[in-house]
Amino acid sequence: MIKRTFDVCLSALGLIVSSPLWVLIGLAIAIEDGGPVFFTQPRVGLGGARFRAFKFRSMIAGADGRTARRAGAHDPRVTRVGAVLRATAMDELPQLWNIFRGDMSFVGPRPLMPGEIEACGDGRCVPLEAVRGFDERHSVRPGLTGLTQIFAPRDIRRTHKFKVDLLYVRRASLWLDLRLVALSFWITFRGRWEQRGSKL
């Protein structure tokens with residue numbers, strides 16, 4: 001209850017304070033290539049419930065085609081405006097609305113897309129639902145930030161990221177959440193969210 005109250009109050013404040021930025025970001029995206037300002041994707045939330053996550057578009061329109069894939073280092077699909085948005089996590093400002101609605105929390109495991117797979121070293125492709133820890137990580141709301149988003153290198157396998165997610169699930173507390181939110185603001189201030197290694 002305390003965590004949800006914290007999420008509602010902080011997301012409401014964030015929506016109000018960041019509203020001028022929404023206008024500037026929307027204009028910058030529209031001026032660069034004339035494409036849509038927002039981008040939405042289906043995600044898996046608390047208890048496996050589906051919801052649509054909102055973001056500012058940081059890639060060329062239609063970048064994913066029919067199959068979504070994670071952005072790599074120096075990904076040619078990322079626009080110039082998008083590169084700035086991703087480095088500062090400003091592309092995720094619209095997810096404040098997801099937090100306010102209750103789809104997400106400020107802190108928690110990163111929300112996954114339905115049907116995501118993990119490519120194993122032996123060439124096999126395994127559904128993430130079959131990876132150990134998948135169900136437990138969905139016993140809490142997914143988060144805008146968290147232990148994995150801050151401390152895990154971007155390019156390690158999701159099986160390893162799940163272990164960090166489970167560490168958060170088992171040790172979650174309001175004090176831990178406050179520290180992770182503070183660290184997230186520091187990373188945003190330094191523009192290091194796109195670092196492949198340590199962001200701190």
# chains A, B, ... in the order shown; residues from 1 in each chain; ligands from 1
call {"tool": "residues_around", "arguments": {"residues": "Leu200 in chain A", "least_positions_apart": "3", "cutoff": "9 Å", "atoms": "only C-alpha atoms", "output": "ChimeraX atom specification"}}
result
/A:150-151,183,186-187,190,192
call {"tool": "write_last_selection", "arguments": {"atoms": "N, CA and C atoms", "output": "compact mmCIF listing (two decimals), in the first residue's frame"}}
result
# COMPACT_ATOMS: atom_id res chain seq x y z
N ILE A 150 19.80 -0.75 -13.56
CA ILE A 150 20.93 0.08 -13.14
C ILE A 150 22.25 -0.68 -13.16
N PHE A 151 22.26 -1.90 -12.62
CA PHE A 151 23.53 -2.59 -12.37
C PHE A 151 23.89 -3.67 -13.38
N LEU A 183 19.54 6.91 -7.62
CA LEU A 183 20.58 6.51 -8.57
C LEU A 183 20.13 6.72 -10.01
N TRP A 186 20.55 10.23 -11.03
CA TRP A 186 21.97 10.52 -11.25
C TRP A 186 22.42 10.03 -12.63
N ILE A 187 21.96 8.84 -13.02
CA ILE A 187 22.32 8.30 -14.35
C ILE A 187 21.71 9.17 -15.45
N ARG A 190 23.64 12.32 -15.91
CA ARG A 190 24.91 12.10 -16.61
C ARG A 190 24.72 11.56 -18.03
N ARG A 192 23.82 8.48 -19.09
CA ARG A 192 24.56 7.22 -19.25
C ARG A 192 23.67 5.98 -19.37
call {"tool": "residues_around", "arguments": {"residues": "Met90 in chain A", "least_positions_apart": "3", "cutoff": "10 Å", "atoms": "only C-alpha atoms", "output": "ChimeraX atom specification"}}
result
/A:18,21-22,25,55-56,58,82,84-87,93-95,188,191
call {"tool": "write_last_selection", "arguments": {"atoms": "C-alpha atoms", "output": "short mmCIF file (atom, residue, chain, number, x, y, z; two decimals), in the first residue's frame"}}
result
data_model
loop_
_atom_site.label_atom_id
_atom_site.label_comp_id
_atom_site.auth_asym_id
_atom_site.auth_seq_id
_atom_site.Cartn_x
_atom_site.Cartn_y
_atom_site.Cartn_z
CA SER A 18 7.49 17.23 -17.01
CA LEU A 21 9.22 18.68 -21.76
CA TRP A 22 6.52 16.59 -23.44
CA ILE A 25 10.19 16.42 -27.13
CA LYS A 55 7.15 5.75 -24.88
CA PHE A 56 8.37 8.63 -26.98
CA SER A 58 13.30 7.05 -30.41
CA GLY A 82 16.14 9.37 -30.08
CA VAL A 84 19.48 11.90 -26.68
CA LEU A 85 16.18 10.59 -25.35
CA ARG A 86 17.56 7.10 -24.77
CA ALA A 87 20.77 8.31 -23.11
CA LEU A 93 8.57 9.75 -19.63
CA PRO A 94 5.16 8.59 -20.99
CA GLN A 95 5.47 5.52 -18.76
CA THR A 188 19.80 10.48 -16.22
CA GLY A 191 23.20 10.74 -19.76
#
call {"tool": "select_by_dssp", "arguments": {"residues": "range 3-188 of chain A", "states": "strand (DSSP E or B)", "output": "list in words"}}
result
Phe38, Phe39, Thr40, Gln41, Pro42, Arg43, Val44, Arg50, Phe51, Arg52, Ala53, Phe54, Lys55, Phe56, Met59, Val78, Ser105, Phe106, Val107, Leu112, Ile117, Glu118, Ala119, Cys125, Val126, Pro127, Gly143, Leu144 and Thr145 of chain A
call {"tool": "select_by_dssp", "arguments": {"residues": "chain A", "states": "alpha helix (DSSP H)", "output": "PyMOL selection string"}}
result
chain A and resi 2-33+80-88+95-101+134-137+147-151+158-171+174-190
